[in-house]
>>> print(open('protein_37.txt').read())   # compact mmCIF, C-alpha atoms
# COMPACT_ATOMS: atom_id res chain seq x y z
CA MET S 1 -6.88 -4.19 -25.67
CA ALA S 2 -4.32 -5.61 -23.31
CA GLY S 3 -2.28 -8.76 -23.46
CA GLN S 4 -3.61 -11.89 -21.86
CA SER S 5 -0.44 -13.35 -20.43
CA ASP S 6 0.08 -10.90 -17.61
CA PRO S 7 -2.98 -8.84 -16.79
CA SER S 8 -1.23 -6.79 -14.13
CA LEU S 9 1.27 -5.28 -16.53
CA SER S 10 -1.12 -4.47 -19.39
CA MET S 11 1.51 -5.44 -21.85
CA PHE S 12 1.86 -8.01 -24.59
CA SER S 13 4.18 -10.93 -24.29
CA ALA S 14 6.59 -11.47 -27.14
CA ALA S 15 4.52 -14.44 -28.30
CA GLU S 16 1.41 -12.28 -28.50
CA VAL S 17 3.19 -9.72 -30.63
CA GLU S 18 4.35 -12.54 -32.84
CA PHE S 19 0.76 -13.71 -33.17
CA LEU S 20 -0.26 -10.26 -34.38
CA ALA S 21 2.60 -10.26 -36.85
CA GLU S 22 1.32 -13.42 -38.45
CA ASP S 23 -1.35 -11.40 -40.24
CA GLU S 24 1.22 -9.62 -42.39
CA MET S 25 1.11 -10.66 -46.02
CA VAL S 26 3.91 -12.54 -47.76
CA GLU S 27 4.26 -13.91 -51.26
CA ILE S 28 4.42 -17.62 -51.75
CA VAL S 29 4.87 -19.90 -54.70
CA PRO S 30 2.67 -22.91 -54.10
CA ASN S 31 3.31 -26.33 -55.55
CA LEU S 32 -0.18 -27.64 -55.05
CA ASN S 33 -3.50 -27.19 -56.75
CA MET S 34 -6.12 -25.73 -54.46
CA ASP S 35 -9.15 -23.52 -54.88
CA THR S 36 -9.56 -20.14 -53.26
CA LEU S 37 -9.70 -20.17 -49.48
CA ASN S 38 -12.57 -18.09 -48.18
CA LEU S 39 -11.67 -17.08 -44.69
CA ILE S 40 -13.73 -14.97 -42.37
CA CYS S 41 -12.06 -11.61 -42.20
CA VAL S 42 -11.05 -10.05 -38.93
CA ASN S 43 -10.31 -6.39 -38.29
CA PHE S 44 -8.96 -4.96 -35.13
CA ILE S 45 -6.98 -2.04 -33.85
CA PHE S 46 -3.58 -2.50 -32.31
CA PHE S 47 -1.40 0.41 -31.11
CA GLY S 48 -3.68 2.64 -33.12
CA TYR S 49 -2.63 0.62 -36.11
CA PHE S 50 -5.49 -0.77 -38.11
CA LEU S 51 -4.83 -4.38 -38.86
CA SER S 52 -7.14 -5.97 -41.30
CA LEU S 53 -7.26 -8.87 -43.60
CA SER S 54 -8.87 -6.66 -46.16
CA GLN S 55 -10.00 -9.62 -48.15
CA GLY S 56 -10.76 -12.94 -46.60
CA ASP S 57 -10.09 -14.82 -49.84
CA PHE S 58 -6.67 -16.24 -50.56
CA GLY S 59 -5.64 -18.08 -53.65
CA PRO S 60 -6.51 -19.80 -55.90
CA PHE S 61 -3.34 -21.81 -55.54
CA ARG S 62 -1.82 -23.09 -58.76
CA PRO S 63 1.68 -24.59 -59.00
CA GLN S 64 4.37 -22.00 -59.80
CA MET S 65 1.89 -19.10 -59.71
CA ALA S 66 2.89 -16.66 -57.01
CA THR S 67 0.14 -15.47 -54.71
CA SER S 68 0.09 -13.53 -51.51
CA VAL S 69 -1.21 -14.93 -48.23
CA PRO S 70 -0.91 -14.10 -44.53
CA LEU S 71 2.24 -15.23 -42.85
CA TRP S 72 0.52 -17.84 -40.69
CA LEU S 73 -0.92 -19.53 -43.75
CA ALA S 74 2.40 -19.38 -45.53
CA VAL S 75 4.16 -20.98 -42.57
CA ALA S 76 1.52 -23.69 -42.31
CA LEU S 77 1.84 -24.54 -46.01
CA LYS S 78 5.61 -24.39 -45.81
CA LYS S 79 5.69 -26.86 -42.94
CA ARG S 80 3.78 -29.32 -45.07
CA GLY S 81 6.12 -28.72 -47.99
CA LYS S 82 3.36 -27.24 -50.14
CA CYS S 83 5.03 -23.99 -51.09
CA THR S 84 8.16 -21.91 -51.09
CA ILE S 85 8.07 -18.50 -49.44
CA ARG S 86 9.42 -15.56 -51.41
CA CYS S 87 11.84 -13.62 -49.30
CA PRO S 88 10.37 -10.09 -48.86
CA GLN S 89 12.16 -7.24 -50.60
CA TRP S 90 13.35 -5.61 -47.41
CA MET S 91 14.96 -8.82 -46.19
CA SER S 92 17.53 -9.07 -48.95
CA VAL S 93 21.12 -8.66 -47.85
CA GLU S 94 21.76 -5.51 -49.92
CA LYS S 95 18.66 -3.82 -48.58
CA LEU S 96 19.47 -4.73 -44.99
CA THR S 97 23.04 -3.50 -45.39
CA GLN S 98 21.72 -0.20 -46.66
CA VAL S 99 19.32 0.09 -43.75
CA LEU S 100 22.05 -0.73 -41.24
CA GLU S 101 24.33 1.91 -42.67
CA ALA S 102 21.55 4.47 -42.68
CA GLU S 103 20.72 3.61 -39.06
CA ARG S 104 24.32 4.15 -38.06
CA ASP S 105 24.61 7.39 -40.00
CA SER S 106 21.54 9.08 -38.60
CA PRO S 107 21.59 9.04 -34.82
CA ALA S 108 18.33 10.95 -34.56
CA GLN S 109 15.89 8.93 -36.60
CA PHE S 110 14.82 5.39 -37.30
CA GLN S 111 14.76 3.92 -40.78
CA PRO S 112 11.43 2.77 -42.16
CA LEU S 113 11.13 -0.99 -41.79
CA PRO S 114 8.00 -3.12 -41.64
CA PHE S 115 6.16 -2.63 -38.36
CA HIS S 116 6.70 -6.29 -37.50
CA TYR S 117 10.16 -6.77 -38.92
CA VAL S 118 11.58 -8.53 -35.85
CA GLU S 119 8.79 -11.08 -35.72
CA ILE S 120 8.50 -11.68 -39.46
CA SER S 121 12.21 -12.24 -39.82
CA ARG S 122 12.26 -14.65 -36.93
CA LEU S 123 9.32 -16.65 -38.28
CA LEU S 124 10.94 -16.87 -41.68
CA PHE S 125 14.35 -17.81 -40.29
CA ASP S 126 12.75 -20.54 -38.22
CA ASN S 127 10.44 -21.99 -40.81
CA ALA S 128 11.75 -21.16 -44.24
CA ARG S 129 15.51 -21.24 -43.96
CA ASP S 130 15.98 -22.77 -47.42
CA ASP S 131 13.98 -19.97 -49.10
CA ILE S 132 16.13 -17.13 -47.86
CA PRO S 133 19.34 -16.41 -49.72
CA ASP S 134 22.31 -15.80 -47.39
CA MET S 135 20.29 -16.58 -44.34
CA TYR S 136 23.09 -16.25 -41.79
CA MET S 137 24.17 -12.92 -43.21
CA ALA S 138 20.60 -11.62 -43.19
CA ARG S 139 20.04 -12.85 -39.67
CA SER S 140 23.11 -11.16 -38.26
CA LEU S 141 22.28 -7.97 -40.16
CA ILE S 142 18.83 -7.89 -38.60
CA GLU S 143 20.35 -8.48 -35.17
CA ASP S 144 22.72 -5.58 -35.75
CA ILE S 145 19.95 -3.31 -36.96
CA ARG S 146 17.88 -4.12 -33.91
CA ASP S 147 20.81 -3.46 -31.58
CA VAL S 148 21.62 -0.14 -33.20
CA ARG S 149 18.00 0.93 -33.05
CA PHE S 150 17.64 -0.10 -29.45
CA HIS S 151 20.74 1.76 -28.44
CA LYS S 152 19.41 4.82 -30.21
CA PHE S 153 16.17 4.51 -28.35
CA GLU S 154 17.95 4.12 -25.04
CA SER S 155 20.03 7.22 -25.51
CA GLY S 156 16.80 8.98 -26.44
CA LEU S 157 15.26 7.88 -23.15
CA GLU S 158 18.10 9.48 -21.25
CA LYS S 159 16.91 12.82 -22.49
CA ILE S 160 13.48 12.50 -20.91
CA SER S 161 13.09 15.08 -18.23
CA SER S 162 10.36 16.57 -16.15
CA SER S 163 9.14 18.66 -19.04
CA THR S 164 8.53 15.63 -21.25
CA HIS S 165 4.87 14.88 -21.71
CA VAL S 166 4.79 13.24 -25.09
CA VAL S 167 7.47 11.41 -27.01
CA LYS S 168 7.13 11.03 -30.72
CA LEU S 169 9.01 8.19 -32.35
CA LYS S 170 8.60 7.55 -36.01
CA ASN S 171 9.14 4.09 -37.49
CA LEU S 172 9.55 2.26 -34.23
CA SER S 173 8.49 -1.35 -34.62
CA ALA S 174 5.96 -3.34 -32.61
CA MET S 175 8.50 -5.46 -30.77
CA GLU S 176 10.67 -2.50 -29.88
CA VAL S 177 7.70 -0.60 -28.51
CA ASN S 178 6.69 -3.66 -26.57
CA ILE S 179 10.07 -4.07 -24.91
CA VAL S 180 10.35 -0.56 -23.59
CA ARG S 181 6.72 0.01 -22.74
CA PRO S 182 6.69 -1.09 -19.07
CA PHE S 183 9.77 0.91 -18.23
CA PHE S 184 8.79 3.92 -20.24
CA VAL S 185 5.27 4.21 -18.86
CA ARG S 186 6.51 3.96 -15.30
CA ALA S 187 9.24 6.51 -15.87
CA LEU S 188 6.84 9.00 -17.39
CA GLN S 189 4.40 8.47 -14.53
CA ALA S 190 7.12 9.12 -11.99
CA PHE S 191 8.23 12.26 -13.77
CA ALA S 192 4.66 13.46 -13.98
CA LYS S 193 4.20 12.86 -10.27
CA HIS S 194 7.33 14.71 -9.23
CA ASP S 195 6.59 17.53 -11.58
CA SER S 196 2.92 17.86 -10.68
CA PRO S 197 1.50 21.37 -10.26
CA GLN S 198 1.61 21.04 -6.49
CA MET S 199 5.35 20.45 -6.54
CA ILE S 200 6.00 23.25 -8.99
CA HIS S 201 3.83 25.55 -6.94
CA HIS S 202 6.10 24.91 -3.97
CA GLN S 203 9.15 25.58 -5.99
CA GLN S 204 7.89 28.91 -7.26
CA ASP S 205 6.83 29.93 -3.78
CA ALA S 206 10.25 29.19 -2.44
CA MET S 207 11.87 31.31 -5.10
CA SER S 208 9.51 34.25 -5.36
CA SER S 209 8.00 34.99 -2.00
CA ARG S 210 9.65 34.07 1.24
CA GLN S 211 7.89 36.88 3.04
CA ALA S 212 4.46 35.55 2.14
CA HIS S 213 4.92 32.72 4.59
CA PRO S 214 2.05 33.33 7.03
CA GLN S 215 -0.51 33.64 4.25
CA ASP S 216 0.54 30.32 2.86
CA ASP S 217 -1.37 28.36 5.47
CA GLY S 218 -4.44 28.35 3.24
CA PRO S 219 -3.03 26.72 0.12
CA ARG S 220 -1.01 24.30 2.15
CA ARG S 221 -4.13 22.94 3.70
CA ASP S 222 -5.60 22.35 0.28
CA LEU S 223 -2.68 20.23 -0.68
CA ARG S 224 -2.68 17.87 2.21
CA ARG S 225 -5.19 15.45 0.69
CA ARG S 226 -2.79 14.31 -1.94
CA MET Z 1 -7.26 8.12 -2.18
CA SER Z 2 -6.83 6.61 -5.61
CA ARG Z 3 -4.06 4.42 -4.24
CA TYR Z 4 -6.10 3.12 -1.32
CA PHE Z 5 -5.37 -0.52 -2.06
CA ASP Z 6 -1.74 -0.05 -2.99
CA ILE Z 7 0.31 -2.10 -0.52
CA ASP Z 8 3.39 0.06 -1.03
CA ASP Z 9 1.38 3.11 -0.16
CA ILE Z 10 0.26 1.49 3.07
CA ILE Z 11 3.74 0.35 4.06
CA MET Z 12 5.12 3.76 3.19
CA GLU Z 13 2.83 5.37 5.77
CA ASP Z 14 4.61 3.33 8.43
CA GLU Z 15 7.85 5.26 7.96
CA LEU Z 16 8.85 7.14 11.08
CA SER Z 17 8.91 10.89 11.05
CA SER Z 18 9.77 13.20 13.92
CA VAL Z 19 7.19 15.59 15.25
CA VAL Z 20 7.07 18.18 18.00
CA PHE Z 21 3.97 18.20 20.14
CA LYS Z 22 2.32 21.60 20.22
CA VAL Z 23 0.05 20.58 23.08
CA GLY Z 24 0.49 18.29 26.03
CA ALA Z 25 -1.30 14.97 25.74
CA ASN Z 26 -2.42 12.75 28.61
CA GLY Z 27 -2.44 8.97 28.49
CA VAL Z 28 -0.14 8.54 25.48
CA GLY Z 29 3.15 8.10 27.33
CA LEU Z 30 3.99 5.05 25.26
CA LEU Z 31 4.62 7.26 22.26
CA ASP Z 32 7.55 8.91 24.01
CA PRO Z 33 10.00 6.39 25.48
CA SER Z 34 11.64 9.03 27.61
CA ALA Z 35 8.44 10.13 29.30
CA GLU Z 36 8.41 9.49 33.04
CA THR Z 37 4.70 9.87 33.47
CA ASN Z 38 1.97 8.65 31.18
CA ARG Z 39 1.93 11.97 29.41
CA VAL Z 40 3.63 13.69 26.49
CA GLU Z 41 4.69 17.21 27.38
CA GLN Z 42 4.21 20.20 25.16
CA GLY Z 43 7.26 20.80 23.00
CA SER Z 44 8.68 17.29 23.28
CA LYS Z 45 10.09 15.66 20.20
CA VAL Z 46 8.70 12.24 19.37
CA GLU Z 47 9.06 9.82 16.47
CA LEU Z 48 5.72 8.71 15.05
CA PRO Z 49 4.72 6.71 12.02
CA PHE Z 50 3.72 8.97 9.20
CA TRP Z 51 0.02 8.09 9.23
CA LEU Z 52 -0.27 9.12 12.88
CA ALA Z 53 1.83 12.22 12.42
CA ASN Z 54 -0.37 13.24 9.51
CA GLU Z 55 -3.61 12.84 11.47
CA LEU Z 56 -2.22 14.72 14.47
CA TYR Z 57 -0.97 17.44 12.16
CA LEU Z 58 -4.45 17.87 10.70
CA ARG Z 59 -5.75 18.34 14.25
CA GLN Z 60 -3.01 20.92 14.87
CA ALA Z 61 -1.60 18.86 17.71
CA VAL Z 62 1.92 18.50 16.33
CA SER Z 63 4.27 20.14 13.89
CA VAL Z 64 6.26 17.90 11.59
CA ILE Z 65 10.05 18.14 11.37
CA VAL Z 66 11.89 17.48 8.12
CA PRO Z 67 12.65 13.74 8.09
CA GLN Z 68 16.24 12.54 8.28
CA CYS Z 69 16.41 11.53 4.65
CA PHE Z 70 15.79 15.09 3.42
CA ASN Z 71 18.44 16.77 5.53
CA GLN Z 72 21.29 18.86 4.23
CA LYS Z 73 23.78 16.02 4.31
CA THR Z 74 21.71 13.86 1.97
CA ARG Z 75 21.11 16.80 -0.30
CA ARG Z 76 24.78 17.47 -0.64
CA GLU Z 77 25.47 13.83 -1.37
CA ILE Z 78 22.77 13.76 -4.02
CA GLN Z 79 24.23 16.83 -5.63
CA ALA Z 80 27.68 15.27 -5.65
CA ASP Z 81 26.80 11.94 -7.21
CA ALA Z 82 23.13 11.09 -7.22
CA ALA Z 83 23.47 7.58 -8.56
CA TYR Z 84 25.62 6.24 -5.76
CA VAL Z 85 23.75 7.52 -2.75
CA ASP Z 86 22.29 4.66 -0.76
CA LEU Z 87 18.72 5.89 -0.49
CA ARG Z 88 17.28 2.48 0.36
CA SER Z 89 18.92 2.40 3.79
CA ARG Z 90 17.79 5.95 4.53
CA CYS Z 91 14.22 5.50 3.43
CA PRO Z 92 12.98 2.84 1.02
CA TYR Z 93 10.01 5.04 0.13
CA PHE Z 94 12.07 8.16 -0.40
CA TYR Z 95 9.98 9.74 -3.16
CA GLU Z 96 6.58 8.76 -1.84
CA LEU Z 97 7.36 10.00 1.64
CA GLY Z 98 8.79 13.18 0.20
CA CYS Z 99 5.63 13.89 -1.75
CA LYS Z 100 3.42 13.31 1.27
CA VAL Z 101 5.54 15.11 3.79
CA ALA Z 102 6.26 18.19 1.69
CA PRO Z 103 2.85 19.82 2.24
CA LEU Z 104 3.11 19.29 6.01
CA ILE Z 105 6.38 21.06 6.59
CA GLY Z 106 7.43 24.56 5.82
CA ASP Z 107 10.38 23.49 3.70
CA ARG Z 108 9.39 24.12 0.13
CA THR Z 109 12.48 22.96 -1.63
CA ILE Z 110 11.66 19.29 -1.19
CA GLY Z 111 9.64 19.12 -4.40
CA SER Z 112 12.46 20.30 -6.59
CA PHE Z 113 14.97 18.27 -4.61
CA LEU Z 114 12.97 15.08 -5.27
CA LEU Z 115 12.73 15.89 -8.95
CA TYR Z 116 16.44 16.55 -9.17
CA ALA Z 117 17.29 13.32 -7.37
CA PHE Z 118 14.95 11.24 -9.48
CA MET Z 119 16.11 12.75 -12.75
CA ASN Z 120 19.73 12.01 -12.04
CA ARG Z 121 19.23 8.54 -10.64
CA PHE Z 122 16.81 7.60 -13.41
CA LYS Z 123 19.54 7.82 -16.04
CA ASP Z 124 21.63 5.31 -14.19
CA VAL Z 125 18.74 2.90 -13.72
CA LEU Z 126 17.96 3.22 -17.41
CA SER Z 127 21.43 2.43 -18.62
CA LYS Z 128 21.83 -0.54 -16.33
CA ALA Z 129 18.37 -2.04 -16.55
CA HIS Z 130 18.31 -2.87 -20.25
CA SER Z 131 21.87 -3.91 -20.75
CA ALA Z 132 23.60 -4.91 -17.55
CA ALA Z 133 24.78 -8.44 -17.14
CA PHE Z 134 23.40 -10.14 -14.10
CA ALA Z 135 26.77 -10.05 -12.36
CA VAL Z 136 26.64 -6.28 -12.12
CA ALA Z 137 23.19 -6.12 -10.66
CA PRO Z 138 23.76 -7.14 -7.02
CA ARG Z 139 26.23 -4.32 -6.37
CA PHE Z 140 23.94 -1.65 -7.59
CA LEU Z 141 20.51 -2.90 -6.59
CA PRO Z 142 20.72 -2.29 -2.82
CA LEU Z 143 21.04 1.44 -3.47
CA LEU Z 144 17.66 1.78 -5.14
CA THR Z 145 14.46 2.89 -3.50
CA LYS Z 146 11.22 0.98 -4.03
CA GLU Z 147 10.09 3.18 -6.87
CA GLU Z 148 13.38 2.83 -8.74
CA MET Z 149 13.35 -0.88 -8.05
CA HIS Z 150 9.97 -1.23 -9.75
CA LEU Z 151 11.31 0.70 -12.69
CA TYR Z 152 14.37 -1.50 -12.93
CA GLU Z 153 12.35 -4.68 -12.67
CA ALA Z 154 9.93 -3.53 -15.37
CA ALA Z 155 12.76 -2.94 -17.80
CA ARG Z 156 14.68 -6.07 -16.94
CA SER Z 157 11.73 -8.44 -17.12
CA SER Z 158 10.58 -7.17 -20.51
CA MET Z 159 14.10 -7.49 -21.82
CA THR Z 160 14.56 -11.04 -20.56
CA ALA Z 161 11.14 -12.01 -21.92
CA PHE Z 162 12.19 -10.75 -25.32
CA LYS Z 163 15.51 -12.55 -25.22
CA LYS Z 164 13.79 -15.76 -24.26
CA TRP Z 165 11.40 -15.41 -27.17
CA ARG Z 166 14.23 -14.71 -29.61
CA VAL Z 167 16.27 -17.71 -28.58
CA GLY Z 168 13.22 -19.84 -29.07
CA GLY Z 169 12.55 -22.98 -27.09
CA SER Z 170 9.33 -24.84 -27.02
CA ARG Z 171 6.81 -23.18 -29.29
CA PHE Z 172 3.85 -24.72 -27.56
CA GLU Z 173 3.51 -24.45 -23.86
CA LYS Z 174 1.59 -27.15 -22.13
CA ALA Z 175 -0.70 -26.06 -19.34
CA SER Z 176 0.81 -27.23 -16.08
CA ILE Z 177 -2.40 -29.04 -15.14
CA LEU Z 178 -2.15 -31.34 -18.16
CA GLY Z 179 1.27 -32.62 -17.18
CA LYS Z 180 0.15 -33.38 -13.65
CA LYS Z 181 -2.87 -35.31 -14.77
CA LYS Z 182 -0.80 -37.53 -16.98
CA ARG Z 183 1.72 -38.30 -14.28
CA SER Z 184 -0.93 -39.21 -11.74
CA GLY Z 185 -2.55 -41.54 -14.27
CA GLU Z 186 0.61 -43.49 -14.89
>>> encode(input="protein_37.txt", output="structure tokens")
Amino acid sequence: MAGQSDPSLSMFSAAEVEFLAEDEMVEIVPNLNMDTLNLICVNFIFFGYFLSLSQGDFGPFRPQMATSVPLWLAVALKKRGKCTIRCPQWMSVEKLTQVLEAERDSPAQFQPLPFHYVEISRLLFDNARDDIPDMYMARSLIEDIRDVRFHKFESGLEKISSSTHVVKLKNLSAMEVNIVRPFFVRALQAFAKHDSPQMIHHQQDAMSSRQAHPQDDGPRRDLRRR
Amino acid sequence: MSRYFDIDDIIMEDELSSVVFKVGANGVGLLDPSAETNRVEQGSKVELPFWLANELYLRQAVSVIVPQCFNQKTRREIQADAAYVDLRSRCPYFYELGCKVAPLIGDRTIGSFLLYAFMNRFKDVLSKAHSAAFAVAPRFLPLLTKEEMHLYEAARSSMTAFKKWRVGGSRFEKASILGKKKRSGE
């Protein structure tokens, strides 16, 4: 599945990643009376990550009774003043401070955060500013975390070399993957091209057998079609 | 052949490379500006676009000489400070030409030389592409080859797209056609 905004790049735009993030669940406290919403459930696979609205029924909504709904529904209700959104656990200032410190302390690994933390936090900061305690603090903490993580990722990229075929990155989030994807894919392709068996073959020949020059006409002819 | 429709691949084949004719050829004097008759003598050195050199090589009519951009001088410069060698002015399709020309000439160190050059220049592109302010870019961009340029652009455009999204702006984009219609109606 590729993004729709730019077919040539086979990447998602930031808005598309945000759209995917809107399926994450959040807790809300409604202030209206409404029966259960029966929505048609949609499953799909994204980055090998199985997104599903495991149940298509949300609610029932009773005043002051917390319930959990997808983010898009929460934002829609919030805009109409029908609920307050409960700030997720990981978005509290203490938790974010902890994560930031841990990110700074461990240069080799990423801290576990929700897969869509960049998008969720932005949606909440935009739409539910009065529901988040210490919003400005939390926002700048998230910015810092993202910067630290990105820097870490960048210094990791510097270590790619010709022998890199696979890179394993635990806990990288959707938006972060999305930002580096075009660059990363191209870089790996270029490395693969310059390190292809044909090129290595040449290298080994040059080192091992200079005297075998005349016999080399055969293999050389095979290579020309590249 | 997989890159048959790739415009860069086609333009790359237009790069000049020097060849030495192994046989004399009649009626192609225009290839060699110094020829007095309408004939290219055996052993004369001529500059041909790569696509022609390649075809003639396959017919054993010419032997290909190492192109200018892979000579010893460039190699030494790359070894000294890879990131600041102006490869664009030497050959905008440095890597692509290198890959294609390597099988044609006896010099077998080109493969590892290309890899070395790319590896060292890549780090510089990486560090500048994601973070550099726009003021820095013009000084450093003219040094890049096409391939590195694509790499740089890929990184920069995804980063600017993300920054634009984060700052916000209009959440709903109107299709351009809608705006036009309205204006013409007024």
>>> atom_distance(input="protein_37.txt", atom1="atom CA of Z:Ala155", atom2="atom CA of Z:Arg88")
19.5 Å
>>> residues_around(input="protein_37.txt", residues="stretch 75-83 of chain S", least_positions_apart="2", cutoff="9 Å", atoms="all atoms listed in the file", output="ChimeraX atom specification")
/S:28-32,63-64,70-73,85,123-124,127-128
>>> interface_residues(input="protein_37.txt", of="chain Z", to="chain S", cutoff="9 Å", atoms="all atoms listed in the file", output="CSV table (one decimal) with C-alpha atoms, in the frame of the given file")
chain,number,residue,atom,x,y,z
Z,1,MET,CA,-7.3,8.1,-2.2
Z,54,ASN,CA,-0.4,13.2,9.5
Z,58,LEU,CA,-4.4,17.9,10.7
Z,95,TYR,CA,10.0,9.7,-3.2
Z,99,CYS,CA,5.6,13.9,-1.8
Z,100,LYS,CA,3.4,13.3,1.3
Z,101,VAL,CA,5.5,15.1,3.8
Z,102,ALA,CA,6.3,18.2,1.7
Z,103,PRO,CA,2.8,19.8,2.2
Z,104,LEU,CA,3.1,19.3,6.0
Z,106,GLY,CA,7.4,24.6,5.8
Z,107,ASP,CA,10.4,23.5,3.7
Z,108,ARG,CA,9.4,24.1,0.1
Z,109,THR,CA,12.5,23.0,-1.6
Z,110,ILE,CA,11.7,19.3,-1.2
Z,111,GLY,CA,9.6,19.1,-4.4
Z,112,SER,CA,12.5,20.3,-6.6
Z,114,LEU,CA,13.0,15.1,-5.3
Z,115,LEU,CA,12.7,15.9,-9.0
Z,118,PHE,CA,15.0,11.2,-9.5
Z,119,MET,CA,16.1,12.8,-12.8
Z,122,PHE,CA,16.8,7.6,-13.4
Z,123,LYS,CA,19.5,7.8,-16.0
Z,124,ASP,CA,21.6,5.3,-14.2
Z,126,LEU,CA,18.0,3.2,-17.4
Z,127,SER,CA,21.4,2.4,-18.6
Z,130,HIS,CA,18.3,-2.9,-20.2
Z,147,GLU,CA,10.1,3.2,-6.9
Z,150,HIS,CA,10.0,-1.2,-9.8
Z,151,LEU,CA,11.3,0.7,-12.7
Z,152,TYR,CA,14.4,-1.5,-12.9
Z,153,GLU,CA,12.4,-4.7,-12.7
Z,154,ALA,CA,9.9,-3.5,-15.4
Z,155,ALA,CA,12.8,-2.9,-17.8
Z,156,ARG,CA,14.7,-6.1,-16.9
Z,158,SER,CA,10.6,-7.2,-20.5
Z,159,MET,CA,14.1,-7.5,-21.8
Z,161,ALA,CA,11.1,-12.0,-21.9
Z,162,PHE,CA,12.2,-10.8,-25.3
Z,164,LYS,CA,13.8,-15.8,-24.3
Z,165,TRP,CA,11.4,-15.4,-27.2
Z,166,ARG,CA,14.2,-14.7,-29.6
>>> atom_distance(input="protein_37.txt", atom1="atom CA of Z:Val66", atom2="atom CA of Z:Glu47")
11.7 Å
>>> residues_around(input="protein_37.txt", residues="Z:Ala61", least_positions_apart="2", cutoff="12 Å", atoms="only C-alpha atoms", output="MDAnalysis selection string")
chainID Z and resid 19:25 40:44 52:59 63:64
>>> closest_residue(input="protein_37.txt", among="S:Phe61, S:Tyr136, S:Phe153, S:Trp90", to="S:Leu113", atoms="all atoms listed in the file")
S:Trp90
>>> atom_distance(input="protein_37.txt", atom1="atom CA of S:Val69", atom2="atom CA of S:Glu27")
6.3 Å
>>> closest_residue(input="protein_37.txt", among="S:Gly56, S:Asp105, S:Gln98, S:Glu24", to="S:Thr36", atoms="only C-alpha atoms")
S:Gly56
>>> residues_around(input="protein_37.txt", residues="S:Pro133", least_positions_apart="4", cutoff="10 Å", atoms="only C-alpha atoms", output="list in words")
Cys87, Met91, Ser92, Val93, Arg129, Met137 and Ala138 of chain S
>>> closest_residue(input="protein_37.txt", among="Z:Val85, Z:Val46, Z:Ile78, Z:Cys91", to="Z:Asp14", atoms="all atoms listed in the file")
Z:Cys91
>>> axis_aligned_box(input="protein_37.txt", around="stretch 25-37 of chain Z", padding_each_side="3 Å", output="AutoDock Vina command-line options")
--center_x 4.6 --center_y 10.0 --center_z 27.9 --size_x 20.1 --size_y 15.9 --size_z 17.2
